[in-house]
file structure-v5.txt (compact mmCIF, C-alpha atoms)
# COMPACT_ATOMS: atom_id res chain seq x y z
CA MET A 1 -19.84 13.43 10.16
CA PRO A 2 -17.93 11.38 7.53
CA GLU A 3 -19.61 9.91 4.48
CA ALA A 4 -20.66 6.27 4.74
CA PHE A 5 -17.76 3.83 4.45
CA THR A 6 -16.74 0.24 5.16
CA HIS A 7 -13.51 -0.52 7.02
CA THR A 8 -12.02 -3.93 7.81
CA SER A 9 -9.58 -4.23 10.72
CA LEU A 10 -7.15 -7.09 10.22
CA PRO A 11 -6.25 -9.51 13.03
CA GLY A 12 -2.76 -9.54 14.47
CA ARG A 13 -0.61 -9.04 17.53
CA ILE A 14 2.17 -6.44 17.85
CA VAL A 15 5.03 -6.54 20.34
CA LEU A 16 7.26 -3.43 20.25
CA GLY A 17 10.16 -2.52 22.51
CA PRO A 18 13.92 -2.81 22.97
CA GLY A 19 14.93 -6.41 23.60
CA SER A 20 11.64 -7.86 22.32
CA LEU A 21 13.59 -10.33 20.16
CA ASP A 22 13.87 -12.42 23.32
CA GLN A 23 10.09 -12.82 23.34
CA VAL A 24 9.93 -14.57 19.95
CA PRO A 25 10.11 -18.14 21.38
CA ASP A 26 7.20 -17.38 23.73
CA GLU A 27 5.24 -15.82 20.87
CA ALA A 28 5.81 -18.99 18.83
CA ASP A 29 4.52 -21.05 21.76
CA GLN A 30 1.36 -18.93 21.94
CA LEU A 31 0.69 -19.82 18.30
CA GLY A 32 1.31 -23.51 18.93
CA ILE A 33 4.41 -23.58 16.73
CA SER A 34 6.56 -26.52 17.81
CA LYS A 35 8.87 -26.67 14.76
CA VAL A 36 10.13 -23.34 13.45
CA LEU A 37 11.61 -22.76 10.01
CA LEU A 38 13.72 -19.63 10.46
CA ILE A 39 14.11 -17.29 7.47
CA ALA A 40 16.69 -14.49 7.67
CA THR A 41 18.15 -11.83 5.40
CA ARG A 42 21.93 -11.50 5.25
CA SER A 43 21.94 -8.31 7.33
CA ALA A 44 20.00 -10.05 10.13
CA ARG A 45 22.16 -13.17 10.41
CA ASP A 46 23.69 -12.26 13.79
CA ALA A 47 20.25 -11.73 15.30
CA ALA A 48 19.05 -14.91 13.61
CA ASP A 49 21.93 -16.83 15.21
CA LEU A 50 20.77 -15.63 18.64
CA LEU A 51 17.19 -16.50 17.81
CA GLU A 52 18.17 -19.97 16.62
CA VAL A 53 19.73 -20.64 20.01
CA GLY A 54 16.76 -19.10 21.83
CA LEU A 55 14.30 -21.31 19.99
CA GLY A 56 15.99 -24.43 21.38
CA ASP A 57 14.10 -27.60 20.50
CA ARG A 58 11.59 -25.57 18.48
CA PHE A 59 14.24 -24.87 15.81
CA ALA A 60 13.70 -27.13 12.78
CA GLY A 61 15.67 -25.48 9.99
CA ARG A 62 16.85 -22.25 8.46
CA ILE A 63 16.92 -20.36 5.15
CA ASP A 64 19.45 -17.55 4.72
CA GLU A 65 19.31 -17.06 0.96
CA VAL A 66 16.54 -14.60 0.14
CA ARG A 67 16.16 -12.22 -2.77
CA GLN A 68 14.07 -9.17 -3.61
CA HIS A 69 10.74 -9.67 -5.40
CA VAL A 70 10.60 -13.39 -4.34
CA PRO A 71 11.73 -15.25 -7.47
CA LYS A 72 9.52 -18.29 -8.09
CA GLU A 73 12.43 -20.72 -7.97
CA ARG A 74 13.38 -19.48 -4.49
CA ALA A 75 9.77 -19.72 -3.37
CA ASP A 76 9.54 -23.31 -4.61
CA GLN A 77 12.80 -24.22 -2.85
CA ALA A 78 11.59 -22.65 0.39
CA ARG A 79 8.28 -24.53 0.24
CA ALA A 80 10.15 -27.77 -0.24
CA LYS A 81 12.41 -26.95 2.72
CA ALA A 82 9.42 -26.28 4.98
CA SER A 83 7.95 -29.64 4.05
CA GLU A 84 11.28 -31.42 4.45
CA VAL A 85 11.84 -30.22 8.03
CA GLY A 86 8.20 -30.68 9.06
CA ALA A 87 7.77 -27.01 9.98
CA THR A 88 4.63 -26.08 11.88
CA GLY A 89 5.35 -22.35 11.68
CA LEU A 90 7.69 -19.72 10.30
CA VAL A 91 9.79 -16.98 11.86
CA ALA A 92 11.03 -14.37 9.39
CA ILE A 93 13.67 -11.89 10.53
CA GLY A 94 15.04 -9.09 8.40
CA GLY A 95 13.64 -6.88 5.67
CA GLY A 96 10.73 -7.30 3.31
CA SER A 97 12.49 -10.00 1.29
CA ALA A 98 12.59 -12.42 4.24
CA ILE A 99 8.99 -11.73 5.15
CA GLY A 100 7.99 -12.02 1.50
CA LEU A 101 9.57 -15.47 1.28
CA ALA A 102 7.75 -16.55 4.44
CA LYS A 103 4.51 -15.38 2.85
CA ALA A 104 5.23 -17.46 -0.24
CA ILE A 105 5.48 -20.56 1.97
CA ALA A 106 2.38 -19.65 3.97
CA LEU A 107 0.37 -19.07 0.79
CA THR A 108 0.49 -22.76 -0.13
CA SER A 109 0.92 -24.35 3.31
CA GLY A 110 -1.13 -22.17 5.64
CA LEU A 111 1.74 -22.09 8.18
CA PRO A 112 1.55 -19.21 10.70
CA ILE A 113 4.20 -16.49 10.54
CA VAL A 114 5.96 -14.58 13.31
CA ALA A 115 7.61 -11.57 11.64
CA VAL A 116 10.59 -9.72 13.11
CA PRO A 117 11.20 -6.73 10.82
CA THR A 118 14.57 -5.00 10.86
CA THR A 119 13.67 -2.41 8.21
CA TYR A 120 10.58 -0.28 7.63
CA ALA A 121 9.00 -2.05 4.65
CA GLY A 122 5.67 -2.64 6.44
CA SER A 123 5.06 -5.95 4.65
CA GLU A 124 4.63 -7.59 8.04
CA MET A 125 1.30 -5.79 8.52
CA THR A 126 -0.28 -6.76 5.21
CA PRO A 127 -1.91 -9.82 3.64
CA VAL A 128 -0.25 -8.91 0.33
CA TRP A 129 2.07 -11.46 -1.27
CA GLY A 130 4.26 -11.21 -4.36
CA GLU A 131 6.22 -13.58 -6.58
CA THR A 132 8.29 -12.98 -9.71
CA ALA A 133 8.63 -15.33 -12.69
CA GLU A 134 10.10 -14.62 -16.12
CA GLY A 135 10.38 -10.90 -15.43
CA GLU A 136 6.76 -10.50 -14.34
CA LYS A 137 5.80 -9.82 -10.73
CA THR A 138 2.47 -11.24 -9.62
CA THR A 139 0.84 -9.97 -6.43
CA GLY A 140 -2.25 -10.96 -4.55
CA THR A 141 -4.04 -10.66 -1.23
CA ASP A 142 -4.80 -13.56 1.10
CA LEU A 143 -5.28 -13.45 4.86
CA VAL A 144 -3.38 -16.72 5.19
CA VAL A 145 -0.09 -14.84 4.58
CA LEU A 146 -0.75 -12.11 7.16
CA PRO A 147 1.73 -12.63 10.02
CA LYS A 148 -0.02 -13.67 13.22
CA THR A 149 2.48 -11.81 15.40
CA VAL A 150 4.89 -8.97 14.62
CA VAL A 151 7.83 -8.36 16.95
CA TYR A 152 9.45 -4.93 16.61
CA ASP A 153 12.82 -4.64 18.37
CA PRO A 154 14.45 -1.25 17.68
CA LEU A 155 17.81 -2.65 18.85
CA LEU A 156 17.90 -4.72 15.65
CA SER A 157 17.68 -1.68 13.38
CA ARG A 158 19.87 0.61 15.46
CA GLY A 159 22.93 -0.03 13.29
CA LEU A 160 21.07 0.02 9.97
CA PRO A 161 23.10 2.13 7.49
CA LEU A 162 21.61 5.53 6.73
CA GLU A 163 21.16 4.80 3.03
CA VAL A 164 19.21 1.62 3.79
CA THR A 165 17.21 3.37 6.51
CA ALA A 166 16.24 6.27 4.28
CA ALA A 167 15.23 4.09 1.34
CA SER A 168 13.13 1.88 3.61
CA VAL A 169 11.41 4.94 5.09
CA ALA A 170 10.60 6.11 1.55
CA ASN A 171 8.94 2.73 0.97
CA ALA A 172 6.87 3.16 4.13
CA MET A 173 5.94 6.72 3.15
CA ALA A 174 4.61 5.33 -0.12
CA HIS A 175 2.32 2.97 1.81
CA CYS A 176 0.91 5.90 3.75
CA VAL A 177 0.42 8.31 0.86
CA GLU A 178 -1.18 5.83 -1.53
CA ALA A 179 -3.53 4.60 1.22
CA THR A 180 -5.37 7.93 0.94
CA TRP A 181 -6.41 7.64 -2.72
CA THR A 182 -7.07 3.98 -3.54
CA PRO A 183 -10.67 2.91 -4.23
CA LYS A 184 -10.79 1.22 -0.79
CA ALA A 185 -9.38 4.19 1.17
CA ASP A 186 -11.57 5.40 4.03
CA PRO A 187 -11.37 7.91 6.90
CA ILE A 188 -9.69 5.39 9.21
CA THR A 189 -6.95 4.48 6.74
CA GLU A 190 -6.45 8.21 6.15
CA VAL A 191 -5.93 8.99 9.84
CA THR A 192 -3.60 5.98 10.16
CA ALA A 193 -1.61 7.10 7.12
CA VAL A 194 -1.25 10.67 8.35
CA GLU A 195 0.05 9.57 11.75
CA GLY A 196 2.39 7.18 9.97
CA VAL A 197 3.87 10.01 7.89
CA ARG A 198 4.35 12.14 11.01
CA ALA A 199 6.19 9.38 12.86
CA LEU A 200 8.29 8.43 9.84
CA ARG A 201 9.38 12.00 9.14
CA GLU A 202 10.23 12.66 12.78
CA GLY A 203 12.12 9.40 13.10
CA LEU A 204 14.04 9.86 9.85
CA LEU A 205 15.21 13.38 10.68
CA SER A 206 16.34 12.22 14.12
CA VAL A 207 18.23 9.25 12.64
CA LEU A 208 19.93 11.53 10.11
CA ALA A 209 21.24 13.52 13.09
CA GLU A 210 22.15 10.43 15.15
CA ARG A 211 22.06 7.05 13.43
CA THR A 212 21.84 4.98 16.64
CA ASP A 213 19.09 7.05 18.32
CA LEU A 214 16.96 4.30 19.90
CA GLU A 215 13.87 6.47 20.32
CA ALA A 216 14.07 7.46 16.66
CA ARG A 217 14.41 3.82 15.61
CA SER A 218 11.33 2.98 17.71
CA ASN A 219 9.46 5.85 16.06
CA LEU A 220 10.34 4.50 12.62
CA LEU A 221 9.11 1.01 13.47
CA TYR A 222 5.89 2.51 14.84
CA GLY A 223 5.46 4.55 11.66
CA ALA A 224 6.18 1.54 9.47
CA SER A 225 3.57 -0.48 11.34
CA LEU A 226 0.97 2.23 10.73
CA ALA A 227 2.01 2.48 7.09
CA GLY A 228 1.59 -1.25 6.59
CA SER A 229 -1.76 -1.21 8.37
CA ALA A 230 -3.07 1.57 6.13
CA LEU A 231 -1.92 -0.20 2.99
CA ALA A 232 -3.33 -3.54 4.18
CA THR A 233 -6.84 -2.08 4.34
CA ALA A 234 -6.72 0.46 1.52
CA GLY A 235 -4.90 -1.78 -0.94
CA THR A 236 -2.58 -0.66 -3.70
CA GLY A 237 -3.08 1.63 -6.66
CA LEU A 238 -1.17 3.41 -9.41
CA HIS A 239 2.03 3.98 -7.45
CA HIS A 240 2.60 0.46 -6.12
CA LYS A 241 1.56 -1.20 -9.36
CA LEU A 242 4.06 0.95 -11.28
CA CYS A 243 6.81 0.04 -8.81
CA HIS A 244 5.95 -3.67 -9.03
CA LEU A 245 6.19 -3.51 -12.81
CA LEU A 246 9.55 -1.73 -12.67
CA GLY A 247 10.94 -4.10 -10.06
CA GLY A 248 9.74 -7.29 -11.70
CA SER A 249 10.59 -6.35 -15.29
CA TYR A 250 13.87 -4.47 -14.79
CA ASN A 251 15.07 -5.80 -11.43
CA LEU A 252 15.19 -2.36 -9.83
CA PRO A 253 15.71 -2.13 -6.05
CA HIS A 254 12.32 -2.07 -4.38
CA ALA A 255 12.61 0.72 -1.80
CA GLU A 256 14.65 3.09 -3.96
CA THR A 257 12.14 2.70 -6.80
CA HIS A 258 9.41 3.91 -4.45
CA ALA A 259 11.46 7.00 -3.62
CA ALA A 260 11.87 7.94 -7.27
CA VAL A 261 8.29 7.27 -8.35
CA LEU A 262 6.23 8.45 -5.35
CA PRO A 263 6.72 12.23 -5.75
CA GLN A 264 5.70 12.02 -9.41
CA VAL A 265 2.55 9.98 -8.78
CA THR A 266 1.72 12.28 -5.87
CA ARG A 267 2.09 15.26 -8.21
CA LEU A 268 -0.71 13.75 -10.30
CA ASN A 269 -3.02 12.35 -7.62
CA ALA A 270 -2.76 14.49 -4.48
CA GLY A 271 -5.07 17.21 -5.76
CA ALA A 272 -7.85 14.65 -6.13
CA VAL A 273 -7.86 14.03 -2.34
CA PRO A 274 -7.60 17.58 -0.96
CA ARG A 275 -8.43 16.75 2.66
CA ALA A 276 -5.84 13.99 2.86
CA LYS A 277 -3.35 16.16 0.97
CA ALA A 278 -3.69 18.96 3.53
CA ARG A 279 -3.38 16.55 6.47
CA LEU A 280 -0.34 14.81 4.99
CA GLU A 281 1.30 18.18 4.30
CA THR A 282 0.83 19.14 7.94
CA ALA A 283 2.37 15.84 9.07
CA LEU A 284 5.27 16.29 6.65
CA GLU A 285 5.60 19.99 7.56
CA THR A 286 5.56 21.11 3.95
CA ASP A 287 3.49 23.46 1.80
CA ASP A 288 3.21 20.91 -1.01
CA LEU A 289 3.04 17.15 -0.61
CA ALA A 290 4.78 16.06 -3.83
CA SER A 291 7.73 18.44 -3.59
CA GLY A 292 7.92 17.88 0.18
CA LEU A 293 8.37 14.14 -0.33
CA PHE A 294 10.99 14.74 -3.03
CA ASP A 295 12.93 17.15 -0.81
CA LEU A 296 12.85 14.82 2.21
CA PHE A 297 14.13 11.90 0.16
CA ALA A 298 16.85 14.06 -1.40
CA GLN A 299 17.87 15.37 2.04
CA ALA A 300 18.14 11.78 3.26
CA GLY A 301 20.32 10.79 0.31
CA VAL A 302 17.82 8.45 -1.34
CA PRO A 303 18.06 8.32 -5.16
CA THR A 304 15.21 10.37 -6.63
CA SER A 305 15.64 9.28 -10.23
CA LEU A 306 15.17 5.92 -11.91
CA ARG A 307 18.18 6.71 -14.08
CA GLU A 308 20.36 6.49 -10.95
CA LEU A 309 18.97 2.99 -10.40
CA GLY A 310 20.04 1.82 -13.85
CA LEU A 311 16.81 2.24 -15.85
CA THR A 312 17.21 3.62 -19.37
CA GLU A 313 14.89 6.18 -20.93
CA GLU A 314 13.85 3.59 -23.49
CA GLN A 315 12.91 1.18 -20.68
CA ALA A 316 10.91 3.92 -18.96
CA ARG A 317 8.91 4.46 -22.15
CA GLU A 318 8.51 0.71 -22.61
CA ALA A 319 7.23 0.34 -19.04
CA ALA A 320 4.69 3.12 -19.59
CA TRP A 321 3.39 1.36 -22.70
CA LYS A 322 3.13 -1.97 -20.84
CA PHE A 323 1.42 -0.37 -17.87
CA ALA A 324 -1.11 1.75 -19.77
CA ALA A 325 -2.69 -1.36 -21.26
CA LYS A 326 -3.82 -2.52 -17.81
CA ALA A 327 -3.84 0.69 -15.76
CA PRO A 328 -5.71 0.43 -12.43
CA ALA A 329 -8.56 2.60 -11.20
CA ASN A 330 -7.17 6.01 -10.25
CA PRO A 331 -8.68 9.27 -8.99
CA VAL A 332 -7.20 11.04 -12.03
CA PRO A 333 -7.85 9.35 -15.40
CA LEU A 334 -4.87 7.49 -16.86
CA ASP A 335 -3.69 7.06 -20.41
CA GLU A 336 -0.34 6.20 -21.97
CA ASP A 337 0.73 9.84 -22.19
CA THR A 338 0.02 10.42 -18.50
CA VAL A 339 1.89 7.29 -17.41
CA THR A 340 4.78 8.15 -19.73
CA GLU A 341 5.05 11.60 -18.18
CA ILE A 342 5.15 10.11 -14.67
CA LEU A 343 7.89 7.66 -15.57
CA LEU A 344 9.99 10.10 -17.58
CA ARG A 345 9.87 12.61 -14.73
CA ALA A 346 10.80 9.81 -12.32
CA TRP A 347 13.56 8.68 -14.69
CA ALA A 348 15.04 12.19 -14.86
CA GLY A 349 14.47 12.91 -11.15
CA GLU A 350 12.57 16.15 -11.76
CA ARG A 351 11.47 17.96 -8.63
CA PRO A 352 7.67 18.43 -8.63
CA THR A 353 6.56 22.03 -8.35
CA PRO A 354 3.73 23.09 -6.02
CA ALA A 355 1.73 24.47 -8.94
CA ALA A 356 1.70 21.06 -10.62
CA ALA A 357 0.15 19.43 -7.56
CA GLU A 358 -2.94 21.63 -7.40
CA ARG A 359 -6.34 19.93 -7.43
CA PRO A 360 -7.62 19.21 -10.95
CA GLU A 361 -10.61 21.32 -11.93
CA GLY A 362 -13.90 19.70 -11.00
CA VAL A 363 -12.42 17.21 -8.50
CA THR A 364 -14.09 17.20 -5.08
CA GLN A 365 -13.78 15.18 -1.92
call {"tool": "encode", "arguments": {"input": "structure-v5.txt", "output": "structure tokens"}}
result
Amino acid sequence: MPEAFTHTSLPGRIVLGPGSLDQVPDEADQLGISKVLLIATRSARDAADLLEVGLGDRFAGRIDEVRQHVPKERADQARAKASEVGATGLVAIGGGSAIGLAKAIALTSGLPIVAVPTTYAGSEMTPVWGETAEGEKTTGTDLVVLPKTVVYDPLLSRGLPLEVTAASVANAMAHCVEATWTPKADPITEVTAVEGVRALREGLLSVLAERTDLEARSNLLYGASLAGSALATAGTGLHHKLCHLLGGSYNLPHAETHAAVLPQVTRLNAGAVPRAKARLETALETDDLASGLFDLFAQAGVPTSLRELGLTEEQAREAAWKFAAKAPANPVPLDEDTVTEILLRAWAGERPTPAAAERPEGVTQ
């Protein structure tokens, strides 16, 4: 019997299957959206063109210029656009940047969102929003930004380049792994996270063998959905807050930053959650979670060092100093030296060793 816990299941509707893009207009109707502001990333423009036609009279306007980390000026422009066209709802198609911009609009307007993800970021399943101003990324949680409906069409991600696919999967893996050690983690988020890791690993390896494998692409969307669900309930901790600092302050690419940092944070934290560690290792088919993540990312061609992403050693040390002053609750105590070690290892791309990931003395679960 598990220890006592509290778990909140978030509302939402999921539609998954090949060709489900065609269902978006009907999904908008179910939400009472009569004027749609369409938001699309560059890579999803062809699909957005089809969707614009499919929306017919519901189409009210479109935004194609989106950027990572949702710069405040873009968010303000998008809010003004929504007001200008009289939007009664939003459809965001593409990666996490498009969905993030839709969330920025919803945060101040309350407009419902239909999300159509084409990558595996998982943002579509969470009430987490983010906005960057003057090099600082601010994040928060508000149910008003949680998409009402998520439409997963594996046909839209079938041609996603391998490097983009692998980096996005690393991002989703981070959602799963961190959801097992945050202060709000519980047995349900743990089970969800473990199944997410299994599906993501299986899907990624299949896509590496055959990029257009439709079943594999469906598996990845399923895994991303689980990853987002786990994160939505468990919240974020050391790993995500480090990545948000690095992205907002040094403009590092979001998904690739996760790939470089996650194995190093896992090296520190996994031993503090031994049950989850063992379950995740089984799902990942590895003897050690931290090194297993590193090896999978390296096999998939994702950068495993922050240096490859353009961060300098001096910036890594600076980020550790900034972060240590407001470090979050963590199962292993944090100080500046500990954070510096994490970031310098991530900067250099050092492979974690199994011995380093053993459970700290005195830690129980």
call {"tool": "closest_residue", "arguments": {"input": "structure-v5.txt", "among": "A:Ala121, A:Leu221, A:Val85, A:Ala232", "to": "Gly140 in chain A", "atoms": "only C-alpha atoms"}}
result
A:Ala232
call {"tool": "residues_around", "arguments": {"input": "structure-v5.txt", "residues": "range 331-340 of chain A", "least_positions_apart": "6", "cutoff": "8 Å", "atoms": "all atoms listed in the file", "output": "PDB file with C-alpha atoms, in the coordinates of the input"}}
result
ATOM      1  CA  TRP A 181      -6.410   7.640  -2.720  1.00  0.00           C
ATOM      2  CA  THR A 182      -7.070   3.980  -3.540  1.00  0.00           C
ATOM      3  CA  LEU A 268      -0.710  13.750 -10.300  1.00  0.00           C
ATOM      4  CA  ASN A 269      -3.020  12.350  -7.620  1.00  0.00           C
ATOM      5  CA  ALA A 272      -7.850  14.650  -6.130  1.00  0.00           C
ATOM      6  CA  ALA A 316      10.910   3.920 -18.960  1.00  0.00           C
ATOM      7  CA  ARG A 317       8.910   4.460 -22.150  1.00  0.00           C
ATOM      8  CA  ALA A 320       4.690   3.120 -19.590  1.00  0.00           C
ATOM      9  CA  TRP A 321       3.390   1.360 -22.700  1.00  0.00           C
ATOM     10  CA  PHE A 323       1.420  -0.370 -17.870  1.00  0.00           C
ATOM     11  CA  ALA A 324      -1.110   1.750 -19.770  1.00  0.00           C
ATOM     12  CA  ALA A 325      -2.690  -1.360 -21.260  1.00  0.00           C
TER      13      ALA A 325
END
call {"tool": "closest_residue", "arguments": {"input": "structure-v5.txt", "among": "A:Asp29, A:Glu195, A:Glu314, A:Glu124", "to": "Met173 in chain A", "atoms": "only C-alpha atoms"}}
result
A:Glu195
call {"tool": "atom_distance", "arguments": {"input": "structure-v5.txt", "atom1": "CA of Leu344 in chain A", "atom2": "CA of Ser305 in chain A"}}
result
9.3 Å
call {"tool": "closest_residue", "arguments": {"input": "structure-v5.txt", "among": "A:Pro154, A:Pro352, A:Pro187, A:Gly110", "to": "Ala290 in chain A", "atoms": "only C-alpha atoms"}}
result
A:Pro352
call {"tool": "closest_residue", "arguments": {"input": "structure-v5.txt", "among": "A:Ala166, A:Leu306, A:Leu284, A:Val144", "to": "Ala199 in chain A", "atoms": "all atoms listed in the file"}}
result
A:Leu284
call {"tool": "closest_residue", "arguments": {"input": "structure-v5.txt", "among": "A:Ala60, A:Val53, A:Ala185, A:Leu37", "to": "Pro112 in chain A", "atoms": "only C-alpha atoms"}}
result
A:Leu37
call {"tool": "residues_near_point", "arguments": {"input": "structure-v5.txt", "point": "(4.5, 1.3, -4.5)", "cutoff": "10 Å", "atoms": "all atoms listed in the file", "output": "PDB file with C-alpha atoms, keeping the file's coordinate frame"}}
result
ATOM      1  CA  ALA A 170      10.600   6.110   1.550  1.00  0.00           C
ATOM      2  CA  ASN A 171       8.940   2.730   0.970  1.00  0.00           C
ATOM      3  CA  ALA A 172       6.870   3.160   4.130  1.00  0.00           C
ATOM      4  CA  MET A 173       5.940   6.720   3.150  1.00  0.00           C
ATOM      5  CA  ALA A 174       4.610   5.330  -0.120  1.00  0.00           C
ATOM      6  CA  HIS A 175       2.320   2.970   1.810  1.00  0.00           C
ATOM      7  CA  VAL A 177       0.420   8.310   0.860  1.00  0.00           C
ATOM      8  CA  GLU A 178      -1.180   5.830  -1.530  1.00  0.00           C
ATOM      9  CA  LEU A 231      -1.920  -0.200   2.990  1.00  0.00           C
ATOM     10  CA  THR A 236      -2.580  -0.660  -3.700  1.00  0.00           C
ATOM     11  CA  GLY A 237      -3.080   1.630  -6.660  1.00  0.00           C
ATOM     12  CA  LEU A 238      -1.170   3.410  -9.410  1.00  0.00           C
ATOM     13  CA  HIS A 239       2.030   3.980  -7.450  1.00  0.00           C
ATOM     14  CA  HIS A 240       2.600   0.460  -6.120  1.00  0.00           C
ATOM     15  CA  LYS A 241       1.560  -1.200  -9.360  1.00  0.00           C
ATOM     16  CA  LEU A 242       4.060   0.950 -11.280  1.00  0.00           C
ATOM     17  CA  CYS A 243       6.810   0.040  -8.810  1.00  0.00           C
ATOM     18  CA  HIS A 244       5.950  -3.670  -9.030  1.00  0.00           C
ATOM     19  CA  LEU A 245       6.190  -3.510 -12.810  1.00  0.00           C
ATOM     20  CA  HIS A 254      12.320  -2.070  -4.380  1.00  0.00           C
ATOM     21  CA  ALA A 255      12.610   0.720  -1.800  1.00  0.00           C
ATOM     22  CA  THR A 257      12.140   2.700  -6.800  1.00  0.00           C
ATOM     23  CA  HIS A 258       9.410   3.910  -4.450  1.00  0.00           C
ATOM     24  CA  ALA A 259      11.460   7.000  -3.620  1.00  0.00           C
ATOM     25  CA  VAL A 261       8.290   7.270  -8.350  1.00  0.00           C
ATOM     26  CA  LEU A 262       6.230   8.450  -5.350  1.00  0.00           C
ATOM     27  CA  VAL A 265       2.550   9.980  -8.780  1.00  0.00           C
TER      28      VAL A 265
END
call {"tool": "closest_residue", "arguments": {"input": "structure-v5.txt", "among": "A:Pro147, A:Gly135, A:Gly96, A:Pro263", "to": "Leu246 in chain A", "atoms": "all atoms listed in the file"}}
result
A:Gly135
call {"tool": "atom_distance", "arguments": {"input": "structure-v5.txt", "atom1": "CA of Cys176 in chain A", "atom2": "CA of Thr266 in chain A"}}
result
11.6 Å
call {"tool": "atom_distance", "arguments": {"input": "structure-v5.txt", "atom1": "CA of Leu38 in chain A", "atom2": "CA of Ser168 in chain A"}}
result
22.6 Å
call {"tool": "residues_around", "arguments": {"input": "structure-v5.txt", "residues": "Asp64 in chain A", "least_positions_apart": "5", "cutoff": "12 Å", "atoms": "only C-alpha atoms", "output": "list in words"}}
result
Leu37, Leu38, Ile39, Ala40, Thr41, Arg42, Ser43, Ala44, Arg45, Asp46, Ala48, Asp49, Arg74, Ala78, Lys81, Ala92, Ile93, Gly94, Ser97, Ala98, Ile99, Leu101 and Ala102 of chain A
call {"tool": "residues_around", "arguments": {"input": "structure-v5.txt", "residues": "range 30-34 of chain A", "least_positions_apart": "6", "cutoff": "10 Å", "atoms": "all atoms listed in the file", "output": "ChimeraX atom specification"}}
result
/A:24,55,57-60,86-91,111-114,148-149
call {"tool": "residues_near_point", "arguments": {"input": "structure-v5.txt", "point": "(22.2, -0.7, 12.2)", "cutoff": "12 Å", "atoms": "all atoms listed in the file", "output": "list in words"}}
result
Ser43, Ala44, Asp46, Ala47, Gly94, Thr118, Thr119, Asp153, Pro154, Leu155, Leu156, Ser157, Arg158, Gly159, Leu160, Pro161, Leu162, Glu163, Val164, Thr165, Val207, Glu210, Arg211, Thr212, Asp213, Leu214 and Arg217 of chain A
call {"tool": "residues_around", "arguments": {"input": "structure-v5.txt", "residues": "Glu313 in chain A", "least_positions_apart": "4", "cutoff": "9 Å", "atoms": "all atoms listed in the file", "output": "ChimeraX atom specification"}}
result
/A:307,317-318,343-344,347-348
call {"tool": "residues_around", "arguments": {"input": "structure-v5.txt", "residues": "Ala179 in chain A", "least_positions_apart": "5", "cutoff": "7 Å", "atoms": "only C-alpha atoms", "output": "PyMOL selection string"}}
result
chain A and resi 185+189-190+193+230-231+234-235
call {"tool": "closest_atom_pairs", "arguments": {"input": "structure-v5.txt", "of": "range 118-178 of chain A", "to": "range 6-10 of chain A", "cutoff": "9 Å", "atoms": "only C-alpha atoms", "output": "JSON lines"}}
result
{"residue": "A:Met125", "atom": "CA", "partner": "A:Leu10", "partner_atom": "CA", "distance": 8.7}
{"residue": "A:Thr126", "atom": "CA", "partner": "A:Leu10", "partner_atom": "CA", "distance": 8.5}
{"residue": "A:Pro127", "atom": "CA", "partner": "A:Leu10", "partner_atom": "CA", "distance": 8.8}
{"residue": "A:Leu143", "atom": "CA", "partner": "A:Leu10", "partner_atom": "CA", "distance": 8.5}
{"residue": "A:Leu146", "atom": "CA", "partner": "A:Leu10", "partner_atom": "CA", "distance": 8.7}
call {"tool": "axis_aligned_box", "arguments": {"input": "structure-v5.txt", "around": "range 164-177 of chain A", "padding_each_side": "8 Å", "output": "JSON"}}
result
{"center_x": 9.8, "center_y": 5.0, "center_z": 3.2, "size_x": 34.8, "size_y": 22.7, "size_z": 22.6}
